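**Q** Just dropping this structure here.
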Amino acid sequence: MTPQSLLQLTSQKCTTGCPILDRLLYGGIPCDSITEIVAESGSGKTQICLQLSLHAQLPVSHGGLAASSLYLHTEFPFPFRRLHQLCLSFRSSNAHHFPVNDNPCDRIFVQSVHTADHLLEIMSKTDPFIENSKNQVPVRLIVIDSIAALFRSDFDNTPVELKRRSSLFFKISSKLKALAKRFNLAVLVTNQVVDLVGPNEGINGLRIGNLVCLHTSGRRVCPALGLAWANCVNSRLFLSRNEEVIREENEKSNGQSCDFVKKKMRKLYVVFAPHLPETSCEFEITREGLFGVER
């Protein structure tokens, strides 16, 4: 076992709010680390981010961090309506941990981000912000949803621009890792996918992590931002979304008949993580949140 693996195993974790997912992740999202969730739009990335921001507020004895969170969003508009919906469910399930008129949304600090340079500017002010938060409910979770949106159109596909982009990747990840280490934070970053064209496996022909290739919605995909960004994160999770045709038998007056219905199946995969084995879990998204499913 490598020192990094041991560190991730023994580090404090933040519960996802679902025992099945927590079991898969050996307790939840680790502190002192950058965890990335990769998926196409509508797969559940933001659901997990919102859910984690709420459950980070739980006492440490119940899997939380007894902390508030800083939520940096680049996809507009921010889903305040969904956050309030999840908050109602969270309050209902954990009422004994909070005062009667308490609003957990007040401990999620939401900040919009428009460019990579804007993100670096915000992060330069993050240290004093977190220091000041220690007097109240300390910030111990940073969410960036999503990192890919900041690099979608600001860079040309030229050697100079690619080098500048890689430099920004390194600056952003270095700052996040420094914050995570100094304040024992959990950092959760979301990323998009792009279609994988051609016979090569993985990113530019390279296999990264446990999975030879990622599939979602019947397409072969790979994480956006390439190998340079992949080297910036400690752990990578992948959410897939596919339709499964299920055969259902129905009784009719003239005997048995069969109907075929389409069911949306969602799965979470561990692509790479120093402390986790190759594993996966089916999950579903309900009004109350995102939850693993045992089959």
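Residue numbers start at 1 in each chain; chains themselves are named A, B, ... in the order of the structure tokens; ligands are numbered from 1 in the order shown.
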Would you please extract all strand (DSSP E) residues from range 9-224 of chain A, as assigned by DSSP on the backbone, and give them as a ChimeraX atom specification?
**A** /A:13-14,29-30,33-38,68-73,108-112,139-145,186-191,193-195,214-216,219-223
**Q** Convert the current residue selection to file output with C-alpha atoms, as a compact mmCIF listing (two decimals), in the first residue's frame.
**A**
# COMPACT_ATOMS: atom_id res chain seq x y z
CA LYS A 13 -14.52 11.48 5.20
CA CYS A 14 -17.71 13.41 4.52
CA ILE A 29 -15.58 11.91 0.12
CA PRO A 30 -12.11 12.21 1.73
CA SER A 33 -7.80 15.50 -1.32
CA ILE A 34 -9.43 16.43 -4.66
CA THR A 35 -12.24 14.12 -5.76
CA GLU A 36 -13.61 14.52 -9.28
CA ILE A 37 -17.01 13.36 -10.56
CA VAL A 38 -17.19 12.91 -14.34
CA SER A 68 -20.27 24.80 6.11
CA SER A 69 -19.27 24.71 2.44
CA LEU A 70 -18.11 27.01 -0.35
CA TYR A 71 -19.96 26.20 -3.59
CA LEU A 72 -18.35 27.67 -6.72
CA HIS A 73 -20.66 27.23 -9.69
CA ILE A 108 -23.72 26.92 1.87
CA PHE A 109 -21.85 29.92 0.47
CA VAL A 110 -22.63 30.12 -3.25
CA GLN A 111 -20.33 32.05 -5.59
CA SER A 112 -20.58 32.23 -9.38
CA VAL A 139 -15.79 25.91 5.91
CA ARG A 140 -14.45 22.41 5.32
CA LEU A 141 -15.90 21.59 1.91
CA ILE A 142 -15.17 23.28 -1.43
CA VAL A 143 -17.25 22.38 -4.49
CA ILE A 144 -16.46 23.44 -8.06
CA ASP A 145 -19.35 22.63 -10.38
CA ALA A 186 -12.79 17.93 1.26
CA VAL A 187 -12.68 19.20 -2.35
CA LEU A 188 -15.25 17.98 -4.87
CA VAL A 189 -14.95 18.97 -8.54
CA THR A 190 -17.27 18.00 -11.39
CA ASN A 191 -16.22 17.51 -15.00
CA VAL A 193 -17.42 14.19 -20.89
CA VAL A 194 -16.68 14.34 -24.61
CA ASP A 195 -17.38 11.71 -27.25
CA LEU A 214 -16.45 4.87 -20.35
CA HIS A 215 -19.96 4.42 -21.74
CA THR A 216 -23.06 6.56 -21.17
CA ARG A 219 -21.88 6.41 -26.41
CA ARG A 220 -18.18 5.91 -25.76
CA VAL A 221 -16.93 8.95 -23.90
CA CYS A 222 -13.89 10.23 -22.05
CA PRO A 223 -13.51 12.96 -19.41
**Q** Could you give me, as a PyMOL selection string, the residues within 12 Å of Arg266 in chain A, counting only C-alpha atoms and dropping anything in the same chain fewer than 4 positions from it?
**A** chain A and resi 39-40+42-45+215-217+238-244+280-285+290-293
**Q** Excluding Thr74 in chain A and its own-chain neighbours fewer than 4 positions away, which residues fall within 10 Å of it when counting only C-alpha atoms? Please give them as number ranges by chain.
**A** A: 78, 111-116, 119, 144-150
**Q** What does the file look like for those residues with all heavy atoms, as a JSON list (two decimals), in the first residue's frame?
**A**
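File produced: out20.json:
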[["chain", "number", "residue", "atom", "x", "y", "z"],
["A", 78, "PHE", "N", -27.79, 28.77, -11.05],
["A", 78, "PHE", "CA", -27.58, 27.86, -9.93],
["A", 78, "PHE", "C", -28.92, 27.25, -9.53],
["A", 78, "PHE", "O", -29.93, 27.95, -9.46],
["A", 78, "PHE", "CB", -26.98, 28.61, -8.73],
["A", 78, "PHE", "CG", -26.71, 27.72, -7.55],
["A", 78, "PHE", "CD1", -25.57, 26.94, -7.51],
["A", 78, "PHE", "CD2", -27.60, 27.66, -6.49],
["A", 78, "PHE", "CE1", -25.32, 26.11, -6.42],
["A", 78, "PHE", "CE2", -27.36, 26.83, -5.40],
["A", 78, "PHE", "CZ", -26.22, 26.05, -5.37],
["A", 111, "GLN", "N", -21.05, 31.01, -4.84],
["A", 111, "GLN", "CA", -20.33, 32.05, -5.59],
["A", 111, "GLN", "C", -20.25, 31.64, -7.06],
["A", 111, "GLN", "O", -19.80, 30.54, -7.39],
["A", 111, "GLN", "CB", -18.92, 32.22, -5.01],
["A", 111, "GLN", "CG", -18.00, 33.10, -5.84],
["A", 111, "GLN", "CD", -18.42, 34.56, -5.85],
["A", 111, "GLN", "OE1", -18.60, 35.17, -4.79],
["A", 111, "GLN", "NE2", -18.58, 35.14, -7.03],
["A", 112, "SER", "N", -20.68, 32.52, -7.95],
["A", 112, "SER", "CA", -20.58, 32.23, -9.38],
["A", 112, "SER", "C", -19.16, 32.49, -9.88],
["A", 112, "SER", "O", -18.46, 33.37, -9.38],
["A", 112, "SER", "CB", -21.57, 33.10, -10.17],
["A", 112, "SER", "OG", -21.30, 34.47, -9.96],
["A", 113, "VAL", "N", -18.73, 31.69, -10.86],
["A", 113, "VAL", "CA", -17.40, 31.82, -11.46],
["A", 113, "VAL", "C", -17.57, 31.83, -12.97],
["A", 113, "VAL", "O", -18.26, 30.97, -13.53],
["A", 113, "VAL", "CB", -16.48, 30.65, -11.05],
["A", 113, "VAL", "CG1", -15.07, 30.88, -11.58],
["A", 113, "VAL", "CG2", -16.46, 30.46, -9.54],
["A", 114, "HIS", "N", -16.90, 32.76, -13.64],
["A", 114, "HIS", "CA", -17.13, 32.94, -15.07],
["A", 114, "HIS", "C", -15.95, 32.51, -15.94],
["A", 114, "HIS", "O", -16.15, 32.11, -17.09],
["A", 114, "HIS", "CB", -17.49, 34.39, -15.36],
["A", 114, "HIS", "CG", -18.73, 34.84, -14.64],
["A", 114, "HIS", "ND1", -20.00, 34.58, -15.12],
["A", 114, "HIS", "CD2", -18.89, 35.50, -13.47],
["A", 114, "HIS", "CE1", -20.89, 35.08, -14.28],
["A", 114, "HIS", "NE2", -20.24, 35.64, -13.27],
["A", 115, "THR", "N", -14.73, 32.59, -15.43],
["A", 115, "THR", "CA", -13.56, 32.19, -16.20],
["A", 115, "THR", "C", -12.55, 31.52, -15.27],
["A", 115, "THR", "O", -12.66, 31.61, -14.04],
["A", 115, "THR", "CB", -12.87, 33.42, -16.86],
["A", 115, "THR", "OG1", -12.34, 34.27, -15.82],
["A", 115, "THR", "CG2", -13.86, 34.20, -17.73],
["A", 116, "ALA", "N", -11.54, 30.90, -15.89],
["A", 116, "ALA", "CA", -10.49, 30.26, -15.09],
["A", 116, "ALA", "C", -9.72, 31.31, -14.28],
["A", 116, "ALA", "O", -9.35, 31.07, -13.12],
["A", 116, "ALA", "CB", -9.54, 29.49, -16.01],
["A", 119, "LEU", "N", -11.68, 32.24, -11.31],
["A", 119, "LEU", "CA", -11.57, 31.21, -10.27],
["A", 119, "LEU", "C", -10.30, 31.41, -9.46],
["A", 119, "LEU", "O", -10.32, 31.34, -8.22],
["A", 119, "LEU", "CB", -11.59, 29.81, -10.90],
["A", 119, "LEU", "CG", -11.37, 28.64, -9.94],
["A", 119, "LEU", "CD1", -12.45, 28.59, -8.86],
["A", 119, "LEU", "CD2", -11.35, 27.32, -10.70],
["A", 144, "ILE", "N", -16.54, 22.72, -6.78],
["A", 144, "ILE", "CA", -16.46, 23.44, -8.06],
["A", 144, "ILE", "C", -17.31, 22.68, -9.07],
["A", 144, "ILE", "O", -16.99, 21.55, -9.42],
["A", 144, "ILE", "CB", -15.02, 23.58, -8.57],
["A", 144, "ILE", "CG1", -14.15, 24.32, -7.56],
["A", 144, "ILE", "CG2", -15.01, 24.32, -9.92],
["A", 144, "ILE", "CD1", -12.69, 24.46, -7.98],
["A", 145, "ASP", "N", -18.38, 23.29, -9.51],
["A", 145, "ASP", "CA", -19.35, 22.63, -10.38],
["A", 145, "ASP", "C", -19.66, 23.54, -11.58],
["A", 145, "ASP", "O", -20.50, 24.42, -11.47],
["A", 145, "ASP", "CB", -20.62, 22.34, -9.57],
["A", 145, "ASP", "CG", -21.68, 21.57, -10.34],
["A", 145, "ASP", "OD1", -21.32, 20.91, -11.33],
["A", 145, "ASP", "OD2", -22.86, 21.64, -9.95],
["A", 146, "SER", "N", -19.02, 23.36, -12.74],
["A", 146, "SER", "CA", -18.04, 22.37, -13.06],
["A", 146, "SER", "C", -16.75, 23.03, -13.56],
["A", 146, "SER", "O", -16.77, 24.16, -14.01],
["A", 146, "SER", "CB", -18.57, 21.44, -14.15],
["A", 146, "SER", "OG", -18.56, 22.09, -15.42],
["A", 147, "ILE", "N", -15.65, 22.28, -13.51],
["A", 147, "ILE", "CA", -14.36, 22.81, -13.95],
["A", 147, "ILE", "C", -14.32, 22.93, -15.46],
["A", 147, "ILE", "O", -13.71, 23.86, -16.02],
["A", 147, "ILE", "CB", -13.21, 21.93, -13.41],
["A", 147, "ILE", "CG1", -11.85, 22.62, -13.63],
["A", 147, "ILE", "CG2", -13.24, 20.54, -14.02],
["A", 147, "ILE", "CD1", -11.61, 23.82, -12.78],
["A", 148, "ALA", "N", -14.97, 22.02, -16.18],
["A", 148, "ALA", "CA", -14.91, 22.00, -17.65],
["A", 148, "ALA", "C", -15.50, 23.26, -18.27],
["A", 148, "ALA", "O", -15.03, 23.74, -19.30],
["A", 148, "ALA", "CB", -15.61, 20.76, -18.19],
["A", 149, "ALA", "N", -16.54, 23.80, -17.64],
["A", 149, "ALA", "CA", -17.22, 24.97, -18.20],
["A", 149, "ALA", "C", -16.28, 26.16, -18.32],
["A", 149, "ALA", "O", -16.46, 27.02, -19.20],
["A", 149, "ALA", "CB", -18.42, 25.33, -17.35],
["A", 150, "LEU", "N", -15.27, 26.23, -17.47],
["A", 150, "LEU", "CA", -14.34, 27.36, -17.49],
["A", 150, "LEU", "C", -13.37, 27.29, -18.67],
["A", 150, "LEU", "O", -12.73, 28.29, -19.01],
["A", 150, "LEU", "CB", -13.54, 27.39, -16.19],
["A", 150, "LEU", "CG", -14.35, 27.57, -14.90],
["A", 150, "LEU", "CD1", -13.44, 27.50, -13.68],
["A", 150, "LEU", "CD2", -15.13, 28.88, -14.93]]
**Q** Might you pull out every residue within 8 Å of Pro59 in chain A, with only C-alpha atoms counted and same-chain residues fewer than 6 positions away left off, and present them as a list in words?
**A**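 Once the adjacent positions are removed, what remains is Leu65, Ala66 and His97 of chain A.
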**Q** Could the residues in this selection be saved with all heavy atoms as a CSV table (one decimal), in the first residue's frame?
**A**
chain,number,residue,atom,x,y,z
A,65,LEU,N,-18.9,16.8,8.7
A,65,LEU,CA,-17.7,17.5,9.0
A,65,LEU,C,-18.0,18.7,10.0
A,65,LEU,O,-17.1,19.4,10.4
A,65,LEU,CB,-17.1,18.2,7.8
A,65,LEU,CG,-16.7,17.2,6.7
A,65,LEU,CD1,-16.2,17.9,5.4
A,65,LEU,CD2,-15.6,16.2,7.1
A,66,ALA,N,-19.3,18.7,10.5
A,66,ALA,CA,-19.7,19.8,11.4
A,66,ALA,C,-19.3,21.2,10.8
A,66,ALA,O,-18.7,22.0,11.4
A,66,ALA,CB,-19.1,19.7,12.8
A,97,HIS,N,-30.6,17.3,15.0
A,97,HIS,CA,-29.2,17.9,15.0
A,97,HIS,C,-29.2,19.4,14.9
A,97,HIS,O,-28.2,20.0,15.1
A,97,HIS,CB,-28.4,17.3,13.8
A,97,HIS,CG,-28.1,15.9,13.9
A,97,HIS,ND1,-27.5,15.3,15.0
A,97,HIS,CD2,-28.3,14.9,13.1
A,97,HIS,CE1,-27.3,14.0,14.8
A,97,HIS,NE2,-27.8,13.7,13.7
**Q** Of the candidates A:Leu50, A:Leu162, A:Ala56, A:Leu25, which shows the shortest atom-to-atom distance to Glu288 in chain A, using only C-alpha atoms?
**A** A:Leu50
**Q** Which of range 124-198 of chain A end up as alpha helix (DSSP H) when DSSP is run on this backbone - answer as a short mmCIF file (atom, residue, chain, number, x, y, z; two decimals) with all heavy atoms, in the first residue's frame?
**A**
data_model
loop_
_atom_site.label_atom_id
_atom_site.label_comp_id
_atom_site.auth_asym_id
_atom_site.auth_seq_id
_atom_site.Cartn_x
_atom_site.Cartn_y
_atom_site.Cartn_z
N SER A 124 -7.64 33.11 -4.44
CA SER A 124 -6.62 33.90 -3.74
C SER A 124 -7.20 34.56 -2.49
O SER A 124 -6.45 34.95 -1.59
CB SER A 124 -6.06 34.97 -4.69
OG SER A 124 -7.03 35.96 -4.97
N THR A 126 -9.60 32.98 -0.70
CA THR A 126 -10.27 31.91 0.04
C THR A 126 -9.65 31.68 1.41
O THR A 126 -10.36 31.40 2.38
CB THR A 126 -10.26 30.60 -0.77
OG1 THR A 126 -10.89 30.83 -2.03
CG2 THR A 126 -11.01 29.50 -0.06
N ASP A 127 -8.33 31.81 1.52
CA ASP A 127 -7.66 31.58 2.82
C ASP A 127 -8.23 32.45 3.93
O ASP A 127 -8.65 31.92 4.97
CB ASP A 127 -6.15 31.81 2.69
CG ASP A 127 -5.45 30.70 1.94
OD1 ASP A 127 -5.57 30.65 0.71
OD2 ASP A 127 -4.80 29.88 2.60
N PRO A 128 -8.27 33.78 3.76
CA PRO A 128 -8.84 34.61 4.83
C PRO A 128 -10.32 34.33 5.07
O PRO A 128 -10.80 34.43 6.21
CB PRO A 128 -8.62 36.05 4.34
CG PRO A 128 -8.36 35.95 2.87
CD PRO A 128 -7.70 34.62 2.67
N PHE A 129 -11.05 33.97 3.99
CA PHE A 129 -12.47 33.66 4.16
C PHE A 129 -12.65 32.44 5.06
O PHE A 129 -13.49 32.42 5.96
CB PHE A 129 -13.10 33.40 2.79
CG PHE A 129 -14.54 32.98 2.85
CD1 PHE A 129 -15.55 33.89 3.12
CD2 PHE A 129 -14.90 31.65 2.63
CE1 PHE A 129 -16.88 33.51 3.19
CE2 PHE A 129 -16.24 31.25 2.69
CZ PHE A 129 -17.22 32.18 2.98
N ILE A 130 -11.84 31.40 4.82
CA ILE A 130 -11.94 30.18 5.64
C ILE A 130 -11.44 30.46 7.06
O ILE A 130 -12.02 29.96 8.04
CB ILE A 130 -11.14 29.03 4.99
CG1 ILE A 130 -11.78 28.64 3.65
CG2 ILE A 130 -11.09 27.82 5.91
CD1 ILE A 130 -11.01 27.60 2.87
N GLU A 131 -10.38 31.26 7.19
CA GLU A 131 -9.86 31.62 8.51
C GLU A 131 -10.94 32.30 9.34
O GLU A 131 -11.16 31.99 10.51
CB GLU A 131 -8.65 32.55 8.36
CG GLU A 131 -7.36 31.85 8.02
CD GLU A 131 -6.74 31.14 9.21
OE1 GLU A 131 -7.36 31.13 10.30
OE2 GLU A 131 -5.65 30.58 9.07
N ASN A 132 -11.65 33.26 8.72
CA ASN A 132 -12.71 33.99 9.42
C ASN A 132 -13.90 33.10 9.77
O ASN A 132 -14.60 33.33 10.75
CB ASN A 132 -13.19 35.18 8.58
CG ASN A 132 -12.13 36.25 8.45
OD1 ASN A 132 -11.25 36.36 9.30
ND2 ASN A 132 -12.18 37.02 7.37
N SER A 133 -14.12 32.07 8.95
CA SER A 133 -15.27 31.19 9.18
C SER A 133 -15.09 30.32 10.42
O SER A 133 -16.06 29.76 10.93
CB SER A 133 -15.52 30.30 7.96
OG SER A 133 -14.59 29.22 7.91
N PRO A 159 -0.50 25.01 -29.70
CA PRO A 159 0.48 24.65 -28.66
C PRO A 159 0.59 25.69 -27.55
O PRO A 159 0.67 25.35 -26.37
CB PRO A 159 1.79 24.52 -29.44
CG PRO A 159 1.37 24.14 -30.82
CD PRO A 159 0.07 24.86 -31.06
N VAL A 160 0.57 26.98 -27.94
CA VAL A 160 0.70 28.03 -26.93
C VAL A 160 -0.51 28.04 -25.99
O VAL A 160 -0.36 28.14 -24.77
CB VAL A 160 0.84 29.42 -27.61
CG1 VAL A 160 0.78 30.53 -26.57
CG2 VAL A 160 2.14 29.49 -28.39
N GLU A 161 -1.71 27.93 -26.57
CA GLU A 161 -2.92 27.95 -25.76
C GLU A 161 -3.05 26.69 -24.90
O GLU A 161 -3.49 26.75 -23.74
CB GLU A 161 -4.15 28.08 -26.66
CG GLU A 161 -4.35 29.47 -27.23
CD GLU A 161 -4.75 30.47 -26.15
OE1 GLU A 161 -5.95 30.59 -25.86
OE2 GLU A 161 -3.85 31.12 -25.59
N LEU A 162 -2.65 25.54 -25.44
CA LEU A 162 -2.70 24.29 -24.66
C LEU A 162 -1.73 24.35 -23.49
O LEU A 162 -2.02 23.84 -22.40
CB LEU A 162 -2.38 23.10 -25.56
CG LEU A 162 -3.44 22.75 -26.61
CD1 LEU A 162 -2.95 21.64 -27.53
CD2 LEU A 162 -4.75 22.33 -25.93
N LYS A 163 -0.57 24.98 -23.72
CA LYS A 163 0.39 25.13 -22.63
C LYS A 163 -0.16 26.07 -21.56
O LYS A 163 -0.01 25.82 -20.36
CB LYS A 163 1.70 25.69 -23.19
CG LYS A 163 2.82 25.79 -22.16
CD LYS A 163 4.12 26.26 -22.78
CE LYS A 163 5.21 26.35 -21.73
NZ LYS A 163 6.49 26.83 -22.32
N ARG A 164 -0.80 27.14 -21.98
CA ARG A 164 -1.41 28.08 -21.02
C ARG A 164 -2.52 27.40 -20.23
O ARG A 164 -2.66 27.61 -19.02
CB ARG A 164 -1.97 29.30 -21.77
CG ARG A 164 -2.51 30.38 -20.83
CD ARG A 164 -2.76 31.68 -21.58
NE ARG A 164 -4.01 31.65 -22.30
CZ ARG A 164 -5.17 32.06 -21.81
NH1 ARG A 164 -5.25 32.51 -20.56
NH2 ARG A 164 -6.26 32.04 -22.55
N ARG A 165 -3.30 26.57 -20.92
CA ARG A 165 -4.38 25.85 -20.25
C ARG A 165 -3.83 24.88 -19.21
O ARG A 165 -4.32 24.80 -18.09
CB ARG A 165 -5.21 25.09 -21.30
CG ARG A 165 -6.53 24.58 -20.77
CD ARG A 165 -7.32 23.90 -21.86
NE ARG A 165 -6.81 22.55 -22.11
CZ ARG A 165 -7.56 21.54 -22.56
NH1 ARG A 165 -8.83 21.74 -22.82
NH2 ARG A 165 -7.05 20.36 -22.76
N SER A 166 -2.78 24.13 -19.57
CA SER A 166 -2.16 23.19 -18.63
C SER A 166 -1.60 23.91 -17.42
O SER A 166 -1.66 23.42 -16.29
CB SER A 166 -1.05 22.39 -19.33
OG SER A 166 -1.58 21.56 -20.33
N SER A 167 -1.05 25.11 -17.66
CA SER A 167 -0.50 25.90 -16.55
C SER A 167 -1.61 26.31 -15.59
O SER A 167 -1.43 26.27 -14.36
CB SER A 167 0.19 27.14 -17.12
OG SER A 167 0.62 27.99 -16.09
N LEU A 168 -2.77 26.67 -16.14
CA LEU A 168 -3.91 27.03 -15.29
C LEU A 168 -4.41 25.81 -14.51
O LEU A 168 -4.78 25.94 -13.34
CB LEU A 168 -5.04 27.62 -16.14
CG LEU A 168 -4.85 29.07 -16.58
CD1 LEU A 168 -5.89 29.46 -17.62
CD2 LEU A 168 -4.92 30.02 -15.39
N PHE A 169 -4.44 24.64 -15.16
CA PHE A 169 -4.82 23.40 -14.46
C PHE A 169 -3.95 23.23 -13.22
O PHE A 169 -4.45 22.95 -12.12
CB PHE A 169 -4.61 22.17 -15.36
CG PHE A 169 -5.58 22.04 -16.49
CD1 PHE A 169 -5.32 21.16 -17.53
CD2 PHE A 169 -6.76 22.76 -16.52
CE1 PHE A 169 -6.20 21.03 -18.57
CE2 PHE A 169 -7.65 22.63 -17.57
CZ PHE A 169 -7.37 21.75 -18.60
N PHE A 170 -2.63 23.38 -13.42
CA PHE A 170 -1.68 23.16 -12.33
C PHE A 170 -1.87 24.19 -11.22
O PHE A 170 -1.85 23.85 -10.03
CB PHE A 170 -0.25 23.21 -12.86
CG PHE A 170 0.80 23.01 -11.81
CD1 PHE A 170 1.03 21.74 -11.27
CD2 PHE A 170 1.55 24.08 -11.33
CE1 PHE A 170 1.99 21.55 -10.28
CE2 PHE A 170 2.50 23.90 -10.34
CZ PHE A 170 2.73 22.63 -9.81
N LYS A 171 -2.06 25.46 -11.58
CA LYS A 171 -2.26 26.51 -10.58
C LYS A 171 -3.52 26.26 -9.76
O LYS A 171 -3.52 26.40 -8.53
CB LYS A 171 -2.34 27.88 -11.26
CG LYS A 171 -1.03 28.40 -11.80
CD LYS A 171 -1.22 29.74 -12.50
CE LYS A 171 0.08 30.26 -13.08
NZ LYS A 171 -0.11 31.53 -13.82
N ILE A 172 -4.61 25.90 -10.45
CA ILE A 172 -5.89 25.67 -9.76
C ILE A 172 -5.79 24.47 -8.82
O ILE A 172 -6.17 24.54 -7.66
CB ILE A 172 -7.02 25.46 -10.79
CG1 ILE A 172 -7.32 26.77 -11.52
CG2 ILE A 172 -8.29 24.92 -10.11
CD1 ILE A 172 -8.22 26.62 -12.73
N SER A 173 -5.25 23.36 -9.34
CA SER A 173 -5.17 22.14 -8.52
C SER A 173 -4.20 22.31 -7.35
O SER A 173 -4.44 21.82 -6.25
CB SER A 173 -4.78 20.93 -9.37
OG SER A 173 -3.49 21.10 -9.94
N SER A 174 -3.10 23.02 -7.59
CA SER A 174 -2.11 23.26 -6.52
C SER A 174 -2.73 24.07 -5.39
O SER A 174 -2.52 23.78 -4.20
CB SER A 174 -0.88 23.98 -7.06
OG SER A 174 -0.19 23.16 -7.98
N LYS A 175 -3.51 25.09 -5.76
CA LYS A 175 -4.16 25.92 -4.75
C LYS A 175 -5.21 25.11 -3.99
O LYS A 175 -5.30 25.21 -2.75
CB LYS A 175 -4.82 27.13 -5.41
CG LYS A 175 -5.50 28.09 -4.44
CD LYS A 175 -4.52 28.67 -3.45
CE LYS A 175 -5.19 29.68 -2.53
NZ LYS A 175 -4.27 30.16 -1.47
N LEU A 176 -5.97 24.30 -4.70
CA LEU A 176 -6.99 23.46 -4.04
C LEU A 176 -6.35 22.46 -3.08
O LEU A 176 -6.82 22.26 -1.96
CB LEU A 176 -7.82 22.72 -5.09
CG LEU A 176 -8.83 23.55 -5.88
CD1 LEU A 176 -9.43 22.72 -7.02
CD2 LEU A 176 -9.93 24.09 -4.98
N LYS A 177 -5.25 21.85 -3.50
CA LYS A 177 -4.57 20.87 -2.65
C LYS A 177 -3.96 21.55 -1.42
O LYS A 177 -3.96 20.98 -0.33
CB LYS A 177 -3.50 20.12 -3.45
CG LYS A 177 -4.08 19.13 -4.44
CD LYS A 177 -3.01 18.48 -5.31
CE LYS A 177 -3.64 17.51 -6.29
NZ LYS A 177 -2.65 16.91 -7.22
N ALA A 178 -3.44 22.76 -1.62
CA ALA A 178 -2.87 23.50 -0.49
C ALA A 178 -3.96 23.86 0.52
O ALA A 178 -3.76 23.74 1.74
CB ALA A 178 -2.18 24.77 -0.99
N LEU A 179 -5.13 24.29 0.03
CA LEU A 179 -6.25 24.60 0.92
C LEU A 179 -6.73 23.34 1.64
O LEU A 179 -7.01 23.38 2.84
CB LEU A 179 -7.40 25.20 0.11
CG LEU A 179 -7.22 26.63 -0.40
CD1 LEU A 179 -8.31 26.98 -1.41
CD2 LEU A 179 -7.27 27.62 0.77
N ALA A 180 -6.82 22.24 0.89
CA ALA A 180 -7.29 20.98 1.47
C ALA A 180 -6.37 20.52 2.60
O ALA A 180 -6.83 20.04 3.64
CB ALA A 180 -7.39 19.90 0.39
N LYS A 181 -5.06 20.68 2.39
CA LYS A 181 -4.09 20.25 3.40
C LYS A 181 -4.08 21.19 4.60
O LYS A 181 -4.07 20.75 5.75
CB LYS A 181 -2.70 20.19 2.78
CG LYS A 181 -1.65 19.63 3.73
CD LYS A 181 -0.36 19.30 2.99
CE LYS A 181 0.61 18.60 3.95
NZ LYS A 181 1.86 18.18 3.26
N ARG A 182 -4.11 22.50 4.33
CA ARG A 182 -4.02 23.47 5.43
C ARG A 182 -5.23 23.42 6.35
O ARG A 182 -5.10 23.48 7.58
CB ARG A 182 -3.86 24.88 4.86
CG ARG A 182 -3.75 25.94 5.94
CD ARG A 182 -3.62 27.33 5.38
NE ARG A 182 -3.61 28.32 6.45
CZ ARG A 182 -3.68 29.62 6.26
NH1 ARG A 182 -3.75 30.12 5.03
NH2 ARG A 182 -3.68 30.46 7.29
N PHE A 183 -6.42 23.31 5.74
CA PHE A 183 -7.65 23.37 6.54
C PHE A 183 -8.34 22.01 6.68
O PHE A 183 -9.46 21.94 7.20
CB PHE A 183 -8.62 24.38 5.92
CG PHE A 183 -8.10 25.78 5.89
CD1 PHE A 183 -7.66 26.34 4.70
CD2 PHE A 183 -8.02 26.54 7.04
CE1 PHE A 183 -7.18 27.65 4.65
CE2 PHE A 183 -7.54 27.85 7.02
CZ PHE A 183 -7.11 28.40 5.82
#
